[in-house]
Amino acid sequence: MERRIFDPRAGLWLLVAANIIAFRPHTLWLELALVGLLLLLMAAHGKYSMAVKWAVGYCALLLFQQYILPASPKIIATSFTVFTTYARRMFPCLMTGSLMLKCTPLRYFIVGLRQLRVPQRLIVAVSVTLRYFPAIREEMGYIRDAMKLRDVRGLARLEGTVIPLMVSATETAEELSAAAVTRGIEDPAPKTSAVFLRLSPVDLAGMAAGLVLLALSFVVQ
Amino acid sequence: MSGSNSRRGMGGRDVITVGIFSAIYFAINFAFMLLGGLHPLLWILMPGFIALFTGIPYLMMCAKVQKVGSVLLMGLITGLIYFVTGQFTPVILVSFVIACGLGELVRGCTHYTSIRGNLVSFVLFSLGMVGSPLPIWLMREDFLRQITEQGMPADYVNTLAALSSSSMLVVLFLAPVVGAIIGGFIARAMFRKHFEKAGLV
C-alpha cells in the first residue's frame, strides 16, 4: 500500500482548533469528540496501533484524574493534579503532533508551509529548532557520561553541562550553515520541490470536522 | 560568507544559529514551566529562574547574530512551540510581543555589538515570561475560577490566591530583572573563562 501522507495544512488547522478549544471552557463530550476525531484520523492513515496506544493513554489519564487522584493522599494529589490537568489539556495537541511526526515527512511539511506563504526564514529557523531538541538530549547523555568518568561533582556539574552544550551548539550551527549554504539556502530564487501536496478527502473531512467542533465549543457551553 | 556581516538582514546561517539557540532556550524555559506546577510560588518566581539560567544561550546568540530581527525570531519560535503544545494564553502573547520588541529595539539602538546593550535587551526579553502568571492579577476572580474548573487542585488555587498580593506583583516583575542581571553576569564570566579562550565569540 502506498504510504498515506497526512496533509500538513490539515495538521496545522487541527492544532489551531485544538488549541482554541483547550483554552475555552468546554464540556467533556467535546473533548471526547475531539480525541475521537483524531483517533479516527490516525486509523484512516493506517496507524492502528498508534490509535490504540493513544486511546488507552487517554482513558488511563481520565480514570487517573477522576477516580484515583481524589482517593489518594493529599501530598500525591497536589503534586500530580497539575500535571494531569496540563496533560489532559495538551492531549489533543500532542495527538495531532505525533500523527504529523509519523505521517508527514519533513519535506511535505515544508512544502505545506510554503504554500501557506510562511516566510522562508521562519520555516528554516523552526525546522532547525525542532530538529535540535533530540540533539540536545543526545548531547546531554554524552556530557553526563563524560562527567561520570571524570567524577565531576557539585556546582561544577552545572558548568560542566552548560559549557560543552554551548560549544557543541555553536559548532553545529557553523557546520549546518556551511552545509545549507552549499546547498543554496541563500539563493533568493523561489524554491522548487520534487513532491506535490494534494489534500486527500480524508484530511479534508478531518479539517471540516475540526471546524464543526470549534464552532460547537462556542455555541454549547 | 565574509559579505554576510555587512548586510543588515539575516542570512541562512544567522537563521540557523538563532534556531539552534532557541532550542536550548526553549528547553530550559519548558523545564521551569513544568516546575511551576509543583508550587504556586515557583510559578510566580518562574520568570526569574528562567532569566537566571537562559543568560548564556541568549547572550551567545546575541554575540553570534548581530543582525536585525534575531531577538524577534527567537521569541517567535518560542511562542510558536508553546502554541503548538497548547500552553499559550493571550496575556503571555501580548507580554512576549512587547518584551521581544523592546529587546530588539535596545539592540538596534546599541548597534547590536554593545555588551551592555545586549544585557539590557536580555533583561527586557526575560520580562516577557511575566505574562504567564500575570492573569492572576489582571483577571483575578475569573482566572481562579477558570483554573479551578480546568481541574487545578483547590489547595494550589488557594495558595495562589493567598500569594497574589500586590507586593507579590512587584516581586513578579523584579524577579526576572534581578535574575537576568545575575544571569547576564554569570554569562559574562563564562564568556571570559571559556568561550573567548576557545575562540567562539
# chains A, B, ... in the order shown; residues from 1 in each chain; ligands from 1
$ interface_residues --of "chain B" --to "chain A" --cutoff "7 Å" --atoms "only C-alpha atoms" --output "number ranges by chain"
B: 11-13, 15-20, 22-23, 37-38, 77, 84-86, 150-153
$ residues_around --residues "Gly184 of chain B" --least-positions-apart "3" --cutoff "7 Å" --atoms "only C-alpha atoms" --output "PDB file with N, CA and C atoms, in the first residue's frame"
ATOM      1  N   GLY B  55      20.644  33.135  30.440  1.00  0.00           N
ATOM      2  CA  GLY B  55      21.568  34.199  30.049  1.00  0.00           C
ATOM      3  C   GLY B  55      22.602  33.739  29.042  1.00  0.00           C
ATOM      4  N   LEU B 119      22.855  43.128  27.297  1.00  0.00           N
ATOM      5  CA  LEU B 119      22.418  42.787  28.651  1.00  0.00           C
ATOM      6  C   LEU B 119      21.063  43.421  28.939  1.00  0.00           C
ATOM      7  N   ALA B 180      17.848  38.220  35.416  1.00  0.00           N
ATOM      8  CA  ALA B 180      18.529  38.481  34.144  1.00  0.00           C
ATOM      9  C   ALA B 180      19.871  39.152  34.367  1.00  0.00           C
ATOM     10  N   ILE B 181      19.929  40.069  35.366  1.00  0.00           N
ATOM     11  CA  ILE B 181      21.206  40.745  35.607  1.00  0.00           C
ATOM     12  C   ILE B 181      22.232  39.744  36.124  1.00  0.00           C
ATOM     13  N   ALA B 187      26.900  34.789  32.629  1.00  0.00           N
ATOM     14  CA  ALA B 187      27.230  34.538  31.230  1.00  0.00           C
ATOM     15  C   ALA B 187      28.528  35.252  30.849  1.00  0.00           C
ATOM     16  N   ARG B 188      28.667  36.516  31.331  1.00  0.00           N
ATOM     17  CA  ARG B 188      29.896  37.265  31.030  1.00  0.00           C
ATOM     18  C   ARG B 188      31.118  36.519  31.555  1.00  0.00           C
TER      19      ARG B 188
END
$ residues_around --residues "segment 45-47 of chain B" --least-positions-apart "4" --cutoff "8 Å" --atoms "only C-alpha atoms" --output "list in words"
Phe32, Met33, Gly36, Leu41, Ala51, Ser126, Leu127, Met129, Val130, Val171, Leu172, Ala175 and Pro176 of chain B
$ atom_distance --atom1 "atom CA of Val220 of chain A" --atom2 "atom CA of Thr27 of chain A"
8.3 Å
$ residues_around --residues "segment 36-51 of chain A" --least-positions-apart "6" --cutoff "9 Å" --atoms "only C-alpha atoms" --output "list in words"
Arg3, Arg4, Ile5, Phe6, Leu14, Pro92, Met95, Thr96, Leu99, Lys102, Cys103, Val202, Asp203, Gly206, Ala209 and Gly210 of chain A
$ residues_around --residues "Phe96 of chain B" --least-positions-apart "3" --cutoff "8 Å" --atoms "only C-alpha atoms" --output "list in words"
Gly75, Gly79, Ile92, Leu93, Ala99, Cys100, Phe125, Leu127, Gly128, Met129 and Gly131 of chain B
$ write_last_selection --atoms "C-alpha atoms" --output "PDB file, in the first residue's frame"
ATOM      1  CA  GLY B  75      10.660  34.989  20.609  1.00  0.00           C
ATOM      2  CA  GLY B  79       5.875  31.376  21.072  1.00  0.00           C
ATOM      3  CA  ILE B  92       1.554  35.882  27.594  1.00  0.00           C
ATOM      4  CA  LEU B  93       1.298  36.531  23.865  1.00  0.00           C
ATOM      5  CA  ALA B  99       9.253  42.198  25.524  1.00  0.00           C
ATOM      6  CA  CYS B 100      10.744  40.969  22.258  1.00  0.00           C
ATOM      7  CA  PHE B 125      13.346  39.877  26.862  1.00  0.00           C
ATOM      8  CA  LEU B 127      10.276  40.158  31.297  1.00  0.00           C
ATOM      9  CA  GLY B 128       8.179  38.533  28.565  1.00  0.00           C
ATOM     10  CA  MET B 129       7.621  35.423  30.665  1.00  0.00           C
ATOM     11  CA  GLY B 131       2.754  37.112  31.160  1.00  0.00           C
TER      12      GLY B 131
END
$ select_by_dssp --residues "segment 17-92 of chain B" --states "alpha helix (DSSP H)" --output "PyMOL selection string"
chain B and resi 17-35+40-64+70-84+90-92
$ atom_distance --atom1 "atom CA of Val157 of chain B" --atom2 "atom CA of Leu62 of chain A"
21.0 Å
$ residues_around --residues "Phe191 of chain B" --least-positions-apart "2" --cutoff "10 Å" --atoms "only C-alpha atoms" --output "PyMOL selection string"
(chain A and resi 163) or (chain B and resi 56+59-60+185-189+193-201)
$ decode --residues "segment 185-215 of chain A" --atoms "N, CA, C and O atoms" --output "compact mmCIF listing (two decimals), in the first residue's frame"
# COMPACT_ATOMS: atom_id res chain seq x y z
N ILE A 185 20.97 27.68 0.31
CA ILE A 185 19.90 28.23 1.13
C ILE A 185 19.77 29.74 0.94
O ILE A 185 18.70 30.31 1.14
N GLU A 186 20.87 30.39 0.56
CA GLU A 186 20.82 31.85 0.45
C GLU A 186 20.46 32.30 -0.96
O GLU A 186 20.45 33.48 -1.25
N ASP A 187 20.15 31.34 -1.83
CA ASP A 187 19.72 31.67 -3.18
C ASP A 187 18.36 32.36 -3.10
O ASP A 187 17.40 31.81 -2.57
N PRO A 188 18.26 33.59 -3.63
CA PRO A 188 16.99 34.33 -3.49
C PRO A 188 15.86 33.78 -4.36
O PRO A 188 14.71 34.10 -4.12
N ALA A 189 16.17 32.94 -5.35
CA ALA A 189 15.11 32.45 -6.24
C ALA A 189 14.13 31.59 -5.46
O ALA A 189 14.51 30.96 -4.47
N PRO A 190 12.84 31.59 -5.88
CA PRO A 190 11.87 30.75 -5.17
C PRO A 190 12.27 29.28 -5.26
O PRO A 190 12.75 28.81 -6.29
N LYS A 191 12.06 28.57 -4.16
CA LYS A 191 12.47 27.16 -4.10
C LYS A 191 11.47 26.30 -4.86
O LYS A 191 10.27 26.55 -4.83
N THR A 192 11.97 25.28 -5.49
CA THR A 192 11.09 24.30 -6.11
C THR A 192 11.11 23.05 -5.27
O THR A 192 11.93 22.90 -4.38
N SER A 193 10.17 22.16 -5.56
CA SER A 193 10.13 20.95 -4.76
C SER A 193 9.81 19.75 -5.63
O SER A 193 9.08 19.85 -6.61
N ALA A 194 10.35 18.60 -5.25
CA ALA A 194 10.13 17.38 -6.03
C ALA A 194 8.80 16.73 -5.68
O ALA A 194 8.32 15.86 -6.39
N VAL A 195 8.20 17.14 -4.55
CA VAL A 195 6.97 16.48 -4.13
C VAL A 195 5.78 17.42 -4.28
O VAL A 195 5.91 18.64 -4.20
N PHE A 196 4.63 16.83 -4.54
CA PHE A 196 3.40 17.60 -4.64
C PHE A 196 2.53 17.31 -3.45
O PHE A 196 2.57 16.23 -2.88
N LEU A 197 1.72 18.30 -3.11
CA LEU A 197 0.85 18.15 -1.95
C LEU A 197 -0.58 18.28 -2.42
O LEU A 197 -0.96 19.28 -3.02
N ARG A 198 -1.35 17.25 -2.21
CA ARG A 198 -2.76 17.34 -2.56
C ARG A 198 -3.57 16.96 -1.34
O ARG A 198 -3.27 15.96 -0.67
N LEU A 199 -4.61 17.74 -1.06
CA LEU A 199 -5.42 17.47 0.12
C LEU A 199 -6.29 16.24 -0.14
O LEU A 199 -7.11 16.25 -1.04
N SER A 200 -6.10 15.19 0.65
CA SER A 200 -6.90 13.98 0.44
C SER A 200 -8.29 14.18 1.05
O SER A 200 -8.45 15.00 1.95
N PRO A 201 -9.29 13.44 0.55
CA PRO A 201 -10.66 13.58 1.08
C PRO A 201 -10.71 13.34 2.59
O PRO A 201 -11.44 14.03 3.31
N VAL A 202 -9.90 12.38 3.06
CA VAL A 202 -9.90 12.06 4.49
C VAL A 202 -9.46 13.28 5.29
O VAL A 202 -10.11 13.67 6.28
N ASP A 203 -8.35 13.91 4.87
CA ASP A 203 -7.85 15.06 5.60
C ASP A 203 -8.82 16.23 5.54
O ASP A 203 -9.00 16.96 6.52
N LEU A 204 -9.46 16.37 4.35
CA LEU A 204 -10.44 17.45 4.20
C LEU A 204 -11.60 17.24 5.17
O LEU A 204 -12.05 18.16 5.84
N ALA A 205 -12.06 15.98 5.26
CA ALA A 205 -13.14 15.66 6.18
C ALA A 205 -12.70 15.96 7.61
O ALA A 205 -13.47 16.51 8.41
N GLY A 206 -11.45 15.61 7.93
CA GLY A 206 -10.92 15.88 9.26
C GLY A 206 -10.93 17.36 9.58
O GLY A 206 -11.31 17.79 10.67
N MET A 207 -10.52 18.17 8.59
CA MET A 207 -10.49 19.63 8.79
C MET A 207 -11.90 20.15 9.04
O MET A 207 -12.12 20.99 9.92
N ALA A 208 -12.85 19.66 8.23
CA ALA A 208 -14.24 20.11 8.37
C ALA A 208 -14.77 19.75 9.75
O ALA A 208 -15.40 20.57 10.43
N ALA A 209 -14.48 18.50 10.18
CA ALA A 209 -14.95 18.07 11.50
C ALA A 209 -14.33 18.93 12.59
O ALA A 209 -14.99 19.28 13.57
N GLY A 210 -13.06 19.30 12.42
CA GLY A 210 -12.39 20.19 13.38
C GLY A 210 -13.11 21.52 13.47
O GLY A 210 -13.31 22.07 14.55
N LEU A 211 -13.51 22.04 12.30
CA LEU A 211 -14.23 23.32 12.27
C LEU A 211 -15.55 23.21 13.01
O LEU A 211 -15.93 24.10 13.78
N VAL A 212 -16.26 22.09 12.78
CA VAL A 212 -17.55 21.89 13.44
C VAL A 212 -17.36 21.87 14.96
O VAL A 212 -18.09 22.54 15.70
N LEU A 213 -16.35 21.13 15.43
CA LEU A 213 -16.10 21.05 16.87
C LEU A 213 -15.77 22.42 17.44
O LEU A 213 -16.21 22.80 18.53
N LEU A 214 -14.98 23.17 16.67
CA LEU A 214 -14.59 24.51 17.12
C LEU A 214 -15.83 25.39 17.26
O LEU A 214 -16.01 26.09 18.26
N ALA A 215 -16.72 25.31 16.25
CA ALA A 215 -17.95 26.10 16.30
C ALA A 215 -18.80 25.66 17.49
O ALA A 215 -19.35 26.49 18.21
